[in-house]
file model25.txt (compact mmCIF, C-alpha atoms)
# COMPACT_ATOMS: atom_id res chain seq x y z
CA SER A 1 -22.93 -20.29 -39.44
CA GLN A 2 -23.39 -18.91 -42.94
CA GLN A 3 -26.45 -20.05 -44.83
CA GLY A 4 -24.69 -19.56 -48.13
CA GLU A 5 -21.12 -20.66 -48.60
CA GLU A 6 -19.35 -19.83 -51.83
CA ASP A 7 -16.59 -21.83 -53.39
CA PRO A 8 -13.93 -21.00 -54.38
CA GLN A 9 -13.11 -17.97 -52.21
CA ALA A 10 -11.04 -16.55 -55.06
CA LEU A 11 -10.84 -17.29 -58.77
CA SER A 12 -8.34 -15.93 -61.27
CA ILE A 13 -8.82 -16.49 -65.00
CA GLN A 14 -7.93 -15.04 -68.38
CA GLU A 15 -10.30 -13.06 -70.55
CA GLY A 16 -12.40 -15.31 -72.71
CA GLU A 17 -12.43 -18.18 -70.23
CA ASN A 18 -15.50 -19.31 -68.35
CA ALA A 19 -15.85 -18.71 -64.61
CA THR A 20 -17.81 -21.05 -62.37
CA MET A 21 -18.71 -20.25 -58.77
CA ASN A 22 -20.57 -22.51 -56.41
CA CYS A 23 -22.83 -21.88 -53.45
CA SER A 24 -24.06 -24.29 -50.81
CA TYR A 25 -26.76 -23.65 -48.25
CA LYS A 26 -28.27 -25.41 -45.29
CA THR A 27 -32.02 -24.81 -45.00
CA SER A 28 -34.97 -24.94 -47.37
CA ILE A 29 -35.31 -21.85 -49.50
CA ASN A 30 -37.87 -19.85 -51.45
CA ASN A 31 -35.31 -18.61 -53.92
CA LEU A 32 -31.58 -18.11 -54.39
CA GLN A 33 -30.05 -14.99 -55.83
CA TRP A 34 -26.66 -13.93 -57.12
CA TYR A 35 -25.27 -10.44 -56.66
CA ARG A 36 -22.16 -8.70 -57.89
CA GLN A 37 -20.11 -6.14 -55.96
CA ASN A 38 -17.36 -4.02 -57.42
CA SER A 39 -14.72 -2.98 -54.89
CA GLY A 40 -16.08 -0.40 -52.44
CA ARG A 41 -19.48 -0.24 -54.12
CA GLY A 42 -22.98 -1.47 -53.46
CA LEU A 43 -24.33 -4.82 -54.61
CA VAL A 44 -26.06 -5.28 -57.92
CA HIS A 45 -28.63 -8.01 -58.45
CA LEU A 46 -27.71 -10.41 -61.26
CA ILE A 47 -30.22 -13.22 -61.29
CA LEU A 48 -32.83 -14.96 -59.14
CA ILE A 49 -33.76 -18.62 -59.35
CA ARG A 50 -36.79 -20.00 -57.54
CA SER A 51 -36.82 -23.26 -55.64
CA ASN A 52 -38.92 -24.96 -58.34
CA GLU A 53 -36.51 -23.98 -61.13
CA ARG A 54 -33.40 -25.92 -62.08
CA GLU A 55 -31.66 -23.60 -64.51
CA LYS A 56 -31.88 -20.00 -65.60
CA HIS A 57 -30.03 -17.90 -68.15
CA SER A 58 -29.43 -14.18 -68.46
CA GLY A 59 -27.04 -13.00 -71.13
CA ARG A 60 -23.64 -14.58 -70.37
CA LEU A 61 -24.88 -15.84 -67.00
CA ARG A 62 -26.16 -19.33 -66.32
CA VAL A 63 -27.41 -20.35 -62.89
CA THR A 64 -28.30 -23.84 -61.78
CA LEU A 65 -30.04 -24.93 -58.61
CA ASP A 66 -30.05 -28.39 -57.07
CA THR A 67 -32.37 -28.33 -54.07
CA SER A 68 -31.64 -31.98 -53.25
CA LYS A 69 -27.98 -31.10 -52.75
CA LYS A 70 -28.75 -27.59 -51.48
CA SER A 71 -26.35 -26.07 -53.95
CA SER A 72 -26.22 -23.60 -56.81
CA SER A 73 -23.67 -22.60 -59.39
CA LEU A 74 -23.11 -19.42 -61.34
CA LEU A 75 -21.40 -19.68 -64.71
CA ILE A 76 -20.09 -16.60 -66.48
CA THR A 77 -19.18 -17.43 -70.06
CA ALA A 78 -16.55 -15.65 -72.14
CA SER A 79 -15.34 -13.57 -69.18
CA ARG A 80 -14.21 -10.00 -69.62
CA ALA A 81 -11.88 -7.86 -67.52
CA ALA A 82 -14.97 -5.82 -66.55
CA ASP A 83 -16.38 -8.92 -64.84
CA THR A 84 -13.73 -8.55 -62.14
CA ALA A 85 -15.71 -8.23 -58.90
CA SER A 86 -16.95 -10.15 -55.88
CA TYR A 87 -19.93 -12.40 -56.41
CA PHE A 88 -22.32 -13.32 -53.63
CA CYS A 89 -25.08 -15.83 -53.40
CA ALA A 90 -28.01 -14.98 -51.17
CA THR A 91 -30.81 -17.23 -50.01
CA ASP A 92 -34.33 -16.36 -49.05
CA PRO A 93 -35.08 -18.85 -46.29
CA ASN A 94 -38.83 -18.30 -46.24
CA ALA A 95 -39.57 -21.57 -47.96
CA GLY A 96 -42.99 -21.67 -49.59
CA GLY A 97 -43.81 -18.11 -48.63
CA THR A 98 -43.22 -14.56 -49.75
CA SER A 99 -39.79 -13.07 -49.76
CA TYR A 100 -39.44 -10.21 -47.32
CA GLY A 101 -35.89 -9.33 -48.22
CA LYS A 102 -34.36 -11.03 -45.22
CA LEU A 103 -31.69 -12.59 -47.34
CA THR A 104 -28.75 -14.51 -45.98
CA PHE A 105 -25.53 -13.84 -47.85
CA GLY A 106 -22.48 -16.00 -48.31
CA GLN A 107 -18.94 -14.72 -47.95
CA GLY A 108 -18.48 -14.29 -51.68
CA THR A 109 -16.11 -15.32 -54.43
CA ILE A 110 -13.55 -12.79 -55.62
CA LEU A 111 -13.24 -13.10 -59.39
CA THR A 112 -10.27 -11.59 -61.19
CA VAL A 113 -10.28 -11.63 -64.98
CA HIS A 114 -6.92 -10.80 -66.52
CA PRO A 115 -6.87 -9.01 -69.91
CA ASP B 1 -33.25 8.30 -62.16
CA GLY B 2 -34.69 6.13 -59.42
CA GLY B 3 -32.36 4.73 -56.86
CA ILE B 4 -31.06 4.63 -53.32
CA THR B 5 -28.82 7.35 -51.97
CA GLN B 6 -26.62 6.77 -48.95
CA SER B 7 -24.67 9.47 -47.19
CA PRO B 8 -22.05 10.12 -46.17
CA LYS B 9 -19.88 7.77 -48.22
CA TYR B 10 -17.07 7.97 -45.67
CA LEU B 11 -17.44 8.78 -41.98
CA PHE B 12 -14.95 8.89 -39.14
CA ARG B 13 -16.06 8.72 -35.55
CA LYS B 14 -14.39 8.87 -32.21
CA GLU B 15 -15.16 6.18 -29.69
CA GLY B 16 -18.19 7.01 -27.60
CA GLN B 17 -19.95 9.03 -30.29
CA ASN B 18 -23.21 8.18 -31.96
CA VAL B 19 -23.40 8.61 -35.73
CA THR B 20 -26.35 8.52 -38.11
CA LEU B 21 -26.15 7.14 -41.64
CA SER B 22 -28.68 8.40 -44.12
CA CYS B 23 -30.59 6.27 -46.63
CA GLU B 24 -33.10 7.78 -49.06
CA GLN B 25 -34.91 6.02 -51.91
CA ASN B 26 -37.14 7.34 -54.68
CA LEU B 27 -38.20 3.93 -55.97
CA ASN B 28 -41.52 4.04 -54.11
CA HIS B 29 -40.50 0.83 -52.36
CA ASP B 30 -42.23 -0.22 -49.16
CA ALA B 31 -39.48 -2.32 -47.62
CA MET B 32 -36.04 -1.07 -46.61
CA TYR B 33 -33.07 -2.83 -45.05
CA TRP B 34 -29.71 -2.15 -43.43
CA TYR B 35 -26.86 -4.60 -43.86
CA ARG B 36 -23.36 -4.56 -42.43
CA GLN B 37 -20.35 -5.89 -44.36
CA ASP B 38 -16.96 -6.61 -42.79
CA PRO B 39 -13.81 -7.14 -44.89
CA GLY B 40 -13.89 -10.40 -46.79
CA GLN B 41 -17.30 -11.22 -45.38
CA GLY B 42 -20.83 -11.44 -46.59
CA LEU B 43 -23.63 -9.14 -45.52
CA ARG B 44 -25.42 -9.38 -42.19
CA LEU B 45 -28.87 -7.92 -41.60
CA ILE B 46 -29.10 -5.19 -38.94
CA TYR B 47 -32.68 -3.90 -39.20
CA TYR B 48 -35.49 -3.95 -41.71
CA SER B 49 -38.77 -2.14 -42.22
CA GLN B 50 -41.68 -3.33 -44.32
CA ILE B 51 -43.86 -0.29 -43.80
CA VAL B 52 -43.73 3.23 -42.43
CA ASN B 53 -43.58 3.48 -38.62
CA ASP B 54 -42.70 -0.18 -38.26
CA PHE B 55 -39.35 -1.96 -38.19
CA GLN B 56 -37.86 -5.22 -36.93
CA LYS B 57 -34.47 -6.33 -35.66
CA GLY B 58 -32.27 -8.39 -37.89
CA ASP B 59 -29.47 -10.73 -36.86
CA ILE B 60 -27.11 -8.12 -35.41
CA ALA B 61 -29.28 -5.25 -34.11
CA GLU B 62 -27.44 -4.68 -30.83
CA GLY B 63 -25.85 -1.23 -30.70
CA TYR B 64 -27.92 0.10 -33.59
CA SER B 65 -31.20 1.98 -33.88
CA VAL B 66 -33.43 3.00 -36.79
CA SER B 67 -36.54 5.01 -37.56
CA ARG B 68 -39.02 4.92 -40.44
CA GLU B 69 -41.06 8.11 -40.32
CA LYS B 70 -41.27 8.44 -44.08
CA LYS B 71 -41.52 5.87 -46.82
CA GLU B 72 -38.48 7.32 -48.57
CA SER B 73 -36.15 7.43 -45.59
CA PHE B 74 -34.62 4.81 -43.28
CA PRO B 75 -31.74 6.29 -41.25
CA LEU B 76 -29.45 4.09 -39.17
CA THR B 77 -27.84 5.30 -35.95
CA VAL B 78 -24.70 3.53 -34.81
CA THR B 79 -24.61 4.08 -31.08
CA SER B 80 -21.69 4.05 -28.68
CA ALA B 81 -22.99 0.70 -27.47
CA GLN B 82 -21.88 -0.95 -30.70
CA LYS B 83 -18.57 -2.50 -29.71
CA ASN B 84 -17.04 -2.88 -33.16
CA PRO B 85 -18.70 -0.34 -35.45
CA THR B 86 -15.98 -0.03 -38.11
CA ALA B 87 -17.57 -1.56 -41.20
CA PHE B 88 -19.19 -0.93 -44.57
CA TYR B 89 -22.93 -0.26 -44.22
CA LEU B 90 -25.35 -0.97 -47.05
CA CYS B 91 -28.94 0.14 -47.35
CA ALA B 92 -31.35 -1.71 -49.62
CA SER B 93 -35.00 -1.68 -50.63
CA MET B 94 -37.59 -3.97 -52.16
CA GLY B 95 -40.88 -3.22 -53.88
CA ARG B 96 -44.37 -4.24 -52.77
CA SER B 97 -44.41 -7.18 -55.11
CA TYR B 98 -41.68 -8.68 -52.96
CA THR B 99 -40.11 -10.22 -56.03
CA GLY B 100 -37.10 -11.02 -53.94
CA GLU B 101 -34.69 -8.66 -55.63
CA LEU B 102 -32.95 -6.14 -53.41
CA PHE B 103 -31.82 -2.77 -54.72
CA PHE B 104 -28.73 -1.46 -52.94
CA GLY B 105 -27.22 1.93 -52.32
CA GLU B 106 -23.51 2.60 -52.77
CA GLY B 107 -22.73 2.14 -49.09
CA SER B 108 -21.25 4.15 -46.24
CA ARG B 109 -17.87 3.28 -44.78
CA LEU B 110 -17.63 4.03 -41.07
CA THR B 111 -14.27 4.10 -39.33
CA VAL B 112 -13.93 4.49 -35.59
CA LEU B 113 -10.73 6.21 -34.54
call {"tool": "encode", "arguments": {"input": "model25.txt", "output": "structure tokens"}}
result
Amino acid sequence: SQQGEEDPQALSIQEGENATMNCSYKTSINNLQWYRQNSGRGLVHLILIRSNEREKHSGRLRVTLDTSKKSSSLLITASRAADTASYFCATDPNAGGTSYGKLTFGQGTILTVHP
Amino acid sequence: DGGITQSPKYLFRKEGQNVTLSCEQNLNHDAMYWYRQDPGQGLRLIYYSQIVNDFQKGDIAEGYSVSREKKESFPLTVTSAQKNPTAFYLCASMGRSYTGELFFGEGSRLTVL
């Protein structure tokens, strides 16, 4: 079964609105990451949050992590049409140790931002 | 500019043929990875290598093979033993600091005819 499960599977909003995507996971983690993928392209790293952090910001992105509930959320504020993409959460399951890149990816949320 | 180059971007193969996907990086990264992505799915790890001349199987290694003769290169061979090879293949790398961030190439789409 997938370590990371995103919710919703698809999200459609208007420009200027906020977009919130959620990710749940099953095992203890070292860190949780969010990636973006434009259609037919490679993934681009957005943000990483460590297991001892609760919230992190980067530009219009805000990520929260609740290790007690094994869940994370990604908030994109003031969405733009250019934010249209798939967003994936990825967990590093090597709890307490060094990440070796063996990330486990969820199935992704497809975000569509209408102009 | 530093980055990861995958080639070819599109590849068609007849059943029973082996194909090799190229992955080259000039980021001076030690670790390299191959992931497979199926439509509407997340990524699954095929193989990874943390150092030259060493590599380990990921979650779905059956029907695939790799080599790591040079730090910059990590080619993936999709063999005829792979029963469902049509997919999008992504190569990634990570630096020695193992910060956790993966850098990805643009992917190779393999279609078996």
call {"tool": "closest_residue", "arguments": {"input": "model25.txt", "among": "A:Trp34, A:His45, A:Thr84, A:Ser79", "to": "Leu65 of chain A", "atoms": "all atoms listed in the file"}}
result
A:Trp34
call {"tool": "residues_around", "arguments": {"input": "model25.txt", "residues": "segment 37-44 of chain B", "least_positions_apart": "5", "cutoff": "6 Å", "atoms": "all atoms listed in the file", "output": "VMD selection string"}}
result
(chain A and resid 105 to 107) or (chain B and resid 87 to 88)
call {"tool": "closest_residue", "arguments": {"input": "model25.txt", "among": "A:Ser28, A:Gln14, A:Gln9, A:Thr64", "to": "His114 of chain A", "atoms": "all atoms listed in the file"}}
result
A:Gln14
call {"tool": "atom_distance", "arguments": {"input": "model25.txt", "atom1": "atom CA of Phe103 of chain B", "atom2": "atom CA of Asn18 of chain A"}}
result
26.9 Å
call {"tool": "closest_residue", "arguments": {"input": "model25.txt", "among": "B:Met94, B:Met32, B:Leu113, B:Leu45", "to": "Phe74 of chain B", "atoms": "all atoms listed in the file"}}
result
B:Met32
call {"tool": "build_atoms", "arguments": {"input": "model25.txt", "residues": "segment 26-37 of chain A", "atoms": "N, CA, C and O atoms", "output": "PDB file, in the coordinates of the input"}}
result
ATOM      1  N   LYS A  26     -27.935 -24.386 -46.277  1.00  0.00           N
ATOM      2  CA  LYS A  26     -28.270 -25.410 -45.290  1.00  0.00           C
ATOM      3  C   LYS A  26     -29.772 -25.666 -45.153  1.00  0.00           C
ATOM      4  O   LYS A  26     -30.189 -26.801 -44.900  1.00  0.00           O
ATOM      5  N   THR A  27     -30.587 -24.632 -45.268  1.00  0.00           N
ATOM      6  CA  THR A  27     -32.020 -24.810 -45.000  1.00  0.00           C
ATOM      7  C   THR A  27     -32.830 -24.718 -46.292  1.00  0.00           C
ATOM      8  O   THR A  27     -32.325 -24.304 -47.331  1.00  0.00           O
ATOM      9  N   SER A  28     -34.092 -25.073 -46.209  1.00  0.00           N
ATOM     10  CA  SER A  28     -34.970 -24.940 -47.370  1.00  0.00           C
ATOM     11  C   SER A  28     -35.107 -23.468 -47.744  1.00  0.00           C
ATOM     12  O   SER A  28     -35.062 -22.593 -46.886  1.00  0.00           O
ATOM     13  N   ILE A  29     -35.274 -23.226 -49.021  1.00  0.00           N
ATOM     14  CA  ILE A  29     -35.310 -21.850 -49.500  1.00  0.00           C
ATOM     15  C   ILE A  29     -36.511 -21.589 -50.391  1.00  0.00           C
ATOM     16  O   ILE A  29     -37.102 -22.511 -50.954  1.00  0.00           O
ATOM     17  N   ASN A  30     -36.854 -20.322 -50.503  1.00  0.00           N
ATOM     18  CA  ASN A  30     -37.870 -19.850 -51.450  1.00  0.00           C
ATOM     19  C   ASN A  30     -37.212 -19.548 -52.786  1.00  0.00           C
ATOM     20  O   ASN A  30     -37.747 -19.872 -53.843  1.00  0.00           O
ATOM     21  N   ASN A  31     -36.083 -18.887 -52.720  1.00  0.00           N
ATOM     22  CA  ASN A  31     -35.310 -18.610 -53.920  1.00  0.00           C
ATOM     23  C   ASN A  31     -33.852 -18.390 -53.558  1.00  0.00           C
ATOM     24  O   ASN A  31     -33.514 -18.228 -52.382  1.00  0.00           O
ATOM     25  N   LEU A  32     -33.008 -18.376 -54.568  1.00  0.00           N
ATOM     26  CA  LEU A  32     -31.580 -18.110 -54.390  1.00  0.00           C
ATOM     27  C   LEU A  32     -31.197 -17.049 -55.403  1.00  0.00           C
ATOM     28  O   LEU A  32     -31.646 -17.094 -56.559  1.00  0.00           O
ATOM     29  N   GLN A  33     -30.409 -16.106 -54.963  1.00  0.00           N
ATOM     30  CA  GLN A  33     -30.050 -14.990 -55.830  1.00  0.00           C
ATOM     31  C   GLN A  33     -28.535 -14.845 -55.890  1.00  0.00           C
ATOM     32  O   GLN A  33     -27.815 -15.228 -54.970  1.00  0.00           O
ATOM     33  N   TRP A  34     -28.077 -14.260 -56.975  1.00  0.00           N
ATOM     34  CA  TRP A  34     -26.660 -13.930 -57.120  1.00  0.00           C
ATOM     35  C   TRP A  34     -26.527 -12.419 -57.312  1.00  0.00           C
ATOM     36  O   TRP A  34     -27.288 -11.805 -58.050  1.00  0.00           O
ATOM     37  N   TYR A  35     -25.554 -11.866 -56.596  1.00  0.00           N
ATOM     38  CA  TYR A  35     -25.270 -10.440 -56.660  1.00  0.00           C
ATOM     39  C   TYR A  35     -23.792 -10.240 -56.998  1.00  0.00           C
ATOM     40  O   TYR A  35     -22.945 -11.072 -56.689  1.00  0.00           O
ATOM     41  N   ARG A  36     -23.524  -9.085 -57.565  1.00  0.00           N
ATOM     42  CA  ARG A  36     -22.160  -8.700 -57.890  1.00  0.00           C
ATOM     43  C   ARG A  36     -21.820  -7.433 -57.112  1.00  0.00           C
ATOM     44  O   ARG A  36     -22.672  -6.563 -56.932  1.00  0.00           O
ATOM     45  N   GLN A  37     -20.551  -7.333 -56.668  1.00  0.00           N
ATOM     46  CA  GLN A  37     -20.110  -6.140 -55.960  1.00  0.00           C
ATOM     47  C   GLN A  37     -18.735  -5.743 -56.476  1.00  0.00           C
ATOM     48  O   GLN A  37     -17.767  -6.488 -56.297  1.00  0.00           O
TER      49      GLN A  37
END
